[in-house]
file input-v4.txt (compact mmCIF, C-alpha atoms)
# COMPACT_ATOMS: atom_id res chain seq x y z
CA MET J 30 0.00 0.00 0.00
CA SER J 31 1.21 3.50 -0.84
CA THR J 32 -0.23 7.00 -0.80
CA ARG J 33 0.29 9.85 -3.24
CA PRO J 34 -1.38 12.96 -4.62
CA ALA J 35 -4.26 12.12 -6.95
CA VAL J 36 -3.90 12.59 -10.71
CA ALA J 37 -6.43 12.80 -13.52
CA ALA J 38 -6.07 9.08 -14.29
CA ASP J 39 -7.51 8.35 -10.81
CA ALA J 40 -10.80 10.17 -11.46
CA ALA J 41 -12.90 7.12 -12.38
CA ALA J 42 -11.70 5.09 -9.38
CA ILE J 43 -12.28 8.02 -7.00
CA ALA J 44 -15.81 8.50 -8.37
CA ARG J 45 -16.54 4.76 -8.03
CA ILE J 46 -15.43 4.73 -4.39
CA TYR J 47 -17.36 7.92 -3.66
CA ASN J 48 -20.49 6.42 -5.19
CA GLU J 49 -20.18 3.42 -2.86
CA GLY J 50 -20.14 5.87 0.04
CA ILE J 51 -23.19 7.63 -1.34
CA ASP J 52 -25.02 4.31 -1.71
CA ASP J 53 -24.13 3.24 1.84
CA ARG J 54 -25.88 6.32 3.32
CA LEU J 55 -23.37 6.40 6.18
CA ALA J 56 -20.86 9.03 5.12
CA THR J 57 -22.50 11.87 3.18
CA PHE J 58 -25.72 13.77 2.61
CA GLU J 59 -24.98 13.49 -1.11
CA THR J 60 -27.53 11.32 -2.94
CA GLU J 61 -26.61 11.73 -6.61
CA PRO J 62 -23.79 9.64 -8.07
CA ARG J 63 -20.63 11.46 -9.07
CA GLY J 64 -18.60 10.89 -12.21
CA PRO J 65 -14.99 11.34 -13.22
CA ARG J 66 -15.72 14.89 -14.44
CA ASP J 67 -16.67 15.90 -10.90
CA VAL J 68 -13.35 14.59 -9.62
CA LEU J 69 -11.43 16.28 -12.43
CA ALA J 70 -13.01 19.58 -11.38
CA TRP J 71 -11.64 19.09 -7.86
CA LEU J 72 -8.20 18.37 -9.28
CA GLU J 73 -8.34 21.46 -11.48
CA THR J 74 -9.08 23.67 -8.46
CA GLY J 75 -5.98 22.35 -6.75
CA TYR J 76 -7.70 21.07 -3.62
CA PRO J 77 -5.50 18.70 -1.62
CA LEU J 78 -6.58 15.25 -2.85
CA VAL J 79 -4.65 12.10 -2.04
CA VAL J 80 -5.18 8.44 -2.87
CA ALA J 81 -4.02 5.16 -1.41
CA GLU J 82 -3.11 2.39 -3.81
CA GLN J 83 -3.21 -1.26 -2.95
CA ASP J 84 -2.33 -3.99 -5.42
CA GLY J 85 -1.92 -1.35 -8.11
CA GLU J 86 -5.44 0.05 -7.71
CA VAL J 87 -6.82 3.17 -6.04
CA ALA J 88 -8.45 1.81 -2.89
CA ALA J 89 -9.10 4.99 -0.87
CA TRP J 90 -9.01 8.75 -1.22
CA ALA J 91 -9.27 11.90 0.88
CA ILE J 92 -9.78 15.54 0.01
CA ALA J 93 -9.81 18.89 1.81
CA HIS J 94 -12.30 21.36 0.41
CA PRO J 95 -12.19 25.02 1.46
CA TYR J 96 -14.11 25.54 4.71
CA ARG J 97 -15.37 29.03 3.84
CA SER J 98 -14.56 31.69 1.25
CA ARG J 99 -13.46 34.39 3.72
CA ALA J 100 -9.70 35.03 3.89
CA ALA J 101 -9.70 34.46 7.66
CA TYR J 102 -10.54 30.80 7.03
CA SER J 103 -8.07 30.20 4.19
CA GLY J 104 -6.05 27.70 6.21
CA ILE J 105 -8.99 25.51 7.19
CA GLY J 106 -9.90 22.46 5.13
CA GLU J 107 -13.10 20.49 5.41
CA PHE J 108 -12.09 16.92 4.69
CA SER J 109 -13.79 13.83 3.37
CA ILE J 110 -12.36 10.33 3.21
CA TYR J 111 -13.66 7.23 1.45
CA VAL J 112 -12.36 3.67 1.30
CA ALA J 113 -13.50 1.12 -1.27
CA ARG J 114 -16.02 -1.28 0.25
CA GLU J 115 -13.94 -4.38 -0.36
CA ARG J 116 -10.86 -2.75 1.22
CA ARG J 117 -12.35 -1.40 4.45
CA GLY J 118 -10.87 -2.45 7.77
CA ALA J 119 -7.33 -2.89 6.42
CA GLY J 120 -5.80 0.41 7.58
CA LEU J 121 -6.24 2.27 4.31
CA GLY J 122 -8.31 5.01 5.92
CA ARG J 123 -5.57 5.71 8.45
CA SER J 124 -2.86 5.88 5.79
CA THR J 125 -4.94 8.04 3.49
CA LEU J 126 -6.06 10.54 6.12
CA SER J 127 -2.50 10.69 7.47
CA ALA J 128 -1.26 11.52 3.97
CA LEU J 129 -3.91 14.24 3.64
CA ILE J 130 -2.80 15.74 6.97
CA VAL J 131 0.81 15.88 5.75
CA GLU J 132 -0.23 17.40 2.41
CA CYS J 133 -2.35 20.05 4.11
CA GLU J 134 0.43 20.96 6.53
CA LYS J 135 2.82 21.35 3.57
CA ARG J 136 0.33 23.80 2.06
CA GLY J 137 0.09 25.88 5.22
CA TYR J 138 -3.29 24.70 6.51
CA TRP J 139 -3.76 25.18 10.24
CA LYS J 140 -6.88 23.08 10.75
CA LEU J 141 -8.80 20.18 9.28
CA LEU J 142 -12.40 19.56 10.23
CA SER J 143 -15.31 17.40 9.20
CA ARG J 144 -18.86 16.49 10.07
CA ILE J 145 -19.46 12.78 10.60
CA PHE J 146 -22.70 10.89 11.13
CA PRO J 147 -22.70 9.46 14.68
CA GLU J 148 -23.49 6.04 13.23
CA ASN J 149 -20.23 6.11 11.26
CA GLU J 150 -18.22 4.58 14.09
CA ALA J 151 -15.33 3.62 11.82
CA SER J 152 -14.74 7.23 10.74
CA LEU J 153 -15.12 8.56 14.27
CA GLY J 154 -12.64 5.96 15.55
CA LEU J 155 -10.21 6.80 12.77
CA CYS J 156 -10.36 10.50 13.59
CA ARG J 157 -9.86 9.87 17.31
CA SER J 158 -6.84 7.69 16.58
CA LEU J 159 -5.25 10.48 14.51
CA GLY J 160 -5.69 13.19 17.13
CA PHE J 161 -8.93 14.80 16.04
CA ARG J 162 -11.12 16.05 18.85
CA GLU J 163 -14.89 15.95 18.87
CA VAL J 164 -16.11 19.52 19.18
CA GLY J 165 -19.81 18.82 19.46
CA VAL J 166 -22.86 17.60 17.62
CA TYR J 167 -24.98 19.42 15.08
CA ARG J 168 -28.45 18.12 15.86
CA ARG J 169 -30.75 17.52 12.92
CA HIS J 170 -28.15 19.02 10.62
CA GLY J 171 -29.85 17.79 7.47
CA LYS J 172 -32.22 15.25 6.04
CA LEU J 173 -31.12 12.17 4.18
CA ASP J 174 -33.84 10.14 2.53
CA GLY J 175 -36.42 12.14 4.50
CA GLN J 176 -34.82 11.41 7.89
CA TRP J 177 -33.09 13.96 10.12
CA ARG J 178 -29.41 13.19 10.66
CA ASP J 179 -27.06 14.53 13.30
CA CYS J 180 -23.38 15.22 12.64
CA VAL J 181 -20.43 15.01 15.01
CA ILE J 182 -17.98 17.86 14.39
CA VAL J 183 -14.31 16.87 14.52
CA GLU J 184 -11.22 19.04 14.19
CA ARG J 185 -7.46 18.76 14.32
CA LEU J 186 -5.04 21.66 14.51
CA LEU J 187 -2.06 21.51 12.18
CA GLY J 188 1.34 23.16 11.92
CA GLU J 189 1.88 26.34 13.93
CA ALA J 190 -1.67 26.25 15.36
CA ALA J 191 -1.01 22.81 16.88
CA ARG J 192 2.01 24.00 18.86

call {"tool": "encode", "arguments": {"input": "input-v4.txt", "output": "structure tokens"}}
result
Amino acid sequence: MSTRPAVAADAAAIARIYNEGIDDRLATFETEPRGPRDVLAWLETGYPLVVAEQDGEVAAWAIAHPYRSRAAYSGIGEFSIYVARERRGAGLGRSTLSALIVECEKRGYWKLLSRIFPENEASLGLCRSLGFREVGVYRRHGKLDGQWRDCVIVERLLGEAAR
């Protein structure tokens, strides 16, 4: 297993893995499948996007989108991470999120944060193991398939802010 920055040739695999996460209804409010063009748009914007390869295939990915458009928040990334269904539980999430943390620190980010469904125990455990703290819970943050869903807010300080 190895991690690296994503490239255009990874777009179809990233979209496939993301669509598994959408189908699972455990990791995102997104309901519409994404395609390679969506991923290429992320790459074109220059967002930090890393992949983990296993057996020569993209098996996981993580991205940090801008948190807000205001300059005061320019060093905060809102991250997402997805692992291919058949590869979950093998440490790929840890390696991929670790690689994203390193990439974001290189780029001068001072914080990563995310919102995670409370039922997504694997993601919450991963974040805890990598030093993220749980800030609180957004109650009834949004509806997914007509049902209210809460979100646990996690954050980790990076670089100078972490010292």

call {"tool": "residues_near_point", "arguments": {"input": "input-v4.txt", "point": "(-25.2, 9.1, -9.8)", "cutoff": "10 Å", "atoms": "only C-alpha atoms", "output": "count of residues only"}}
result
11

call {"tool": "residues_around", "arguments": {"input": "input-v4.txt", "residues": "range 106-118 of chain J", "least_positions_apart": "2", "cutoff": "6 Å", "atoms": "only C-alpha atoms", "output": "PyMOL selection string"}}
result
chain J and resi 46+88-96+120+141-143

call {"tool": "closest_residue", "arguments": {"input": "input-v4.txt", "among": "J:Ile130, J:Ala70, J:Ala190, J:Ala56", "to": "Glu150 in chain J", "atoms": "all atoms listed in the file"}}
result
J:Ala56

call {"tool": "closest_residue", "arguments": {"input": "input-v4.txt", "among": "J:Ala119, J:Leu173, J:Ala151, J:Ile182", "to": "Gln83 in chain J", "atoms": "only C-alpha atoms"}}
result
J:Ala119

call {"tool": "closest_residue", "arguments": {"input": "input-v4.txt", "among": "J:Asp179, J:Glu184, J:Glu134, J:Glu163", "to": "Leu55 in chain J", "atoms": "only C-alpha atoms"}}
result
J:Asp179

call {"tool": "closest_residue", "arguments": {"input": "input-v4.txt", "among": "J:Leu187, J:Ala100, J:Leu159, J:Ile145", "to": "Ser127 in chain J", "atoms": "only C-alpha atoms"}}
result
J:Leu159

call {"tool": "residues_near_point", "arguments": {"input": "input-v4.txt", "point": "(-13.4, 14.2, 19.6)", "cutoff": "9 Å", "atoms": "only C-alpha atoms", "output": "ChimeraX atom specification"}}
result
/J:153,156-157,160-165,181-184

call {"tool": "residues_around", "arguments": {"input": "input-v4.txt", "residues": "Glu73 in chain J", "least_positions_apart": "3", "cutoff": "12 Å", "atoms": "all atoms listed in the file", "output": "ChimeraX atom specification"}}
result
/J:35-37,40,66-70,76-78

call {"tool": "atom_distance", "arguments": {"input": "input-v4.txt", "atom1": "CA of Trp71 in chain J", "atom2": "CA of Arg169 in chain J"}}
result
28.3 Å

call {"tool": "closest_residue", "arguments": {"input": "input-v4.txt", "among": "J:Asp84, J:Gly50, J:Arg185, J:Phe58", "to": "Leu126 in chain J", "atoms": "only C-alpha atoms"}}
result
J:Arg185

call {"tool": "closest_residue", "arguments": {"input": "input-v4.txt", "among": "J:Glu189, J:Val80, J:Ala41, J:Ser103", "to": "Arg123 in chain J", "atoms": "all atoms listed in the file"}}
result
J:Val80

call {"tool": "atom_distance", "arguments": {"input": "input-v4.txt", "atom1": "CA of Tyr138 in chain J", "atom2": "CA of Glu82 in chain J"}}
result
24.6 Å

call {"tool": "atom_distance", "arguments": {"input": "input-v4.txt", "atom1": "CA of Thr125 in chain J", "atom2": "CA of Arg178 in chain J"}}
result
26.0 Å

call {"tool": "residues_around", "arguments": {"input": "input-v4.txt", "residues": "Gly137 in chain J", "least_positions_apart": "2", "cutoff": "8 Å", "atoms": "only C-alpha atoms", "output": "PyMOL selection string"}}
result
chain J and resi 104+133-135+139+188

call {"tool": "decode", "arguments": {"input": "input-v4.txt", "residues": "range 115-183 of chain J", "atoms": "C-alpha atoms", "output": "JSON list (two decimals), in the first residue's frame"}}
result
[["chain", "number", "residue", "atom", "x", "y", "z"],
["J", 115, "GLU", "CA", -13.94, -4.38, -0.36],
["J", 116, "ARG", "CA", -10.86, -2.75, 1.22],
["J", 117, "ARG", "CA", -12.35, -1.40, 4.45],
["J", 118, "GLY", "CA", -10.87, -2.45, 7.77],
["J", 119, "ALA", "CA", -7.33, -2.89, 6.42],
["J", 120, "GLY", "CA", -5.80, 0.41, 7.58],
["J", 121, "LEU", "CA", -6.24, 2.27, 4.31],
["J", 122, "GLY", "CA", -8.31, 5.01, 5.92],
["J", 123, "ARG", "CA", -5.57, 5.71, 8.45],
["J", 124, "SER", "CA", -2.86, 5.88, 5.79],
["J", 125, "THR", "CA", -4.94, 8.04, 3.49],
["J", 126, "LEU", "CA", -6.06, 10.54, 6.12],
["J", 127, "SER", "CA", -2.50, 10.69, 7.47],
["J", 128, "ALA", "CA", -1.26, 11.52, 3.97],
["J", 129, "LEU", "CA", -3.91, 14.24, 3.64],
["J", 130, "ILE", "CA", -2.80, 15.74, 6.97],
["J", 131, "VAL", "CA", 0.81, 15.88, 5.75],
["J", 132, "GLU", "CA", -0.23, 17.40, 2.41],
["J", 133, "CYS", "CA", -2.35, 20.05, 4.11],
["J", 134, "GLU", "CA", 0.43, 20.96, 6.53],
["J", 135, "LYS", "CA", 2.82, 21.35, 3.57],
["J", 136, "ARG", "CA", 0.33, 23.80, 2.06],
["J", 137, "GLY", "CA", 0.09, 25.88, 5.22],
["J", 138, "TYR", "CA", -3.29, 24.70, 6.51],
["J", 139, "TRP", "CA", -3.76, 25.18, 10.24],
["J", 140, "LYS", "CA", -6.88, 23.08, 10.75],
["J", 141, "LEU", "CA", -8.80, 20.18, 9.28],
["J", 142, "LEU", "CA", -12.40, 19.56, 10.23],
["J", 143, "SER", "CA", -15.31, 17.40, 9.20],
["J", 144, "ARG", "CA", -18.86, 16.49, 10.07],
["J", 145, "ILE", "CA", -19.46, 12.78, 10.60],
["J", 146, "PHE", "CA", -22.70, 10.89, 11.13],
["J", 147, "PRO", "CA", -22.70, 9.46, 14.68],
["J", 148, "GLU", "CA", -23.49, 6.04, 13.23],
["J", 149, "ASN", "CA", -20.23, 6.11, 11.26],
["J", 150, "GLU", "CA", -18.22, 4.58, 14.09],
["J", 151, "ALA", "CA", -15.33, 3.62, 11.82],
["J", 152, "SER", "CA", -14.74, 7.23, 10.74],
["J", 153, "LEU", "CA", -15.12, 8.56, 14.27],
["J", 154, "GLY", "CA", -12.64, 5.96, 15.55],
["J", 155, "LEU", "CA", -10.21, 6.80, 12.77],
["J", 156, "CYS", "CA", -10.36, 10.50, 13.59],
["J", 157, "ARG", "CA", -9.86, 9.87, 17.31],
["J", 158, "SER", "CA", -6.84, 7.69, 16.58],
["J", 159, "LEU", "CA", -5.25, 10.48, 14.51],
["J", 160, "GLY", "CA", -5.69, 13.19, 17.13],
["J", 161, "PHE", "CA", -8.93, 14.80, 16.04],
["J", 162, "ARG", "CA", -11.12, 16.05, 18.85],
["J", 163, "GLU", "CA", -14.89, 15.95, 18.87],
["J", 164, "VAL", "CA", -16.11, 19.52, 19.18],
["J", 165, "GLY", "CA", -19.81, 18.82, 19.46],
["J", 166, "VAL", "CA", -22.86, 17.60, 17.62],
["J", 167, "TYR", "CA", -24.98, 19.42, 15.08],
["J", 168, "ARG", "CA", -28.45, 18.12, 15.86],
["J", 169, "ARG", "CA", -30.75, 17.52, 12.92],
["J", 170, "HIS", "CA", -28.15, 19.02, 10.62],
["J", 171, "GLY", "CA", -29.85, 17.79, 7.47],
["J", 172, "LYS", "CA", -32.22, 15.25, 6.04],
["J", 173, "LEU", "CA", -31.12, 12.17, 4.18],
["J", 174, "ASP", "CA", -33.84, 10.14, 2.53],
["J", 175, "GLY", "CA", -36.42, 12.14, 4.50],
["J", 176, "GLN", "CA", -34.82, 11.41, 7.89],
["J", 177, "TRP", "CA", -33.09, 13.96, 10.12],
["J", 178, "ARG", "CA", -29.41, 13.19, 10.66],
["J", 179, "ASP", "CA", -27.06, 14.53, 13.30],
["J", 180, "CYS", "CA", -23.38, 15.22, 12.64],
["J", 181, "VAL", "CA", -20.43, 15.01, 15.01],
["J", 182, "ILE", "CA", -17.98, 17.86, 14.39],
["J", 183, "VAL", "CA", -14.31, 16.87, 14.52]]
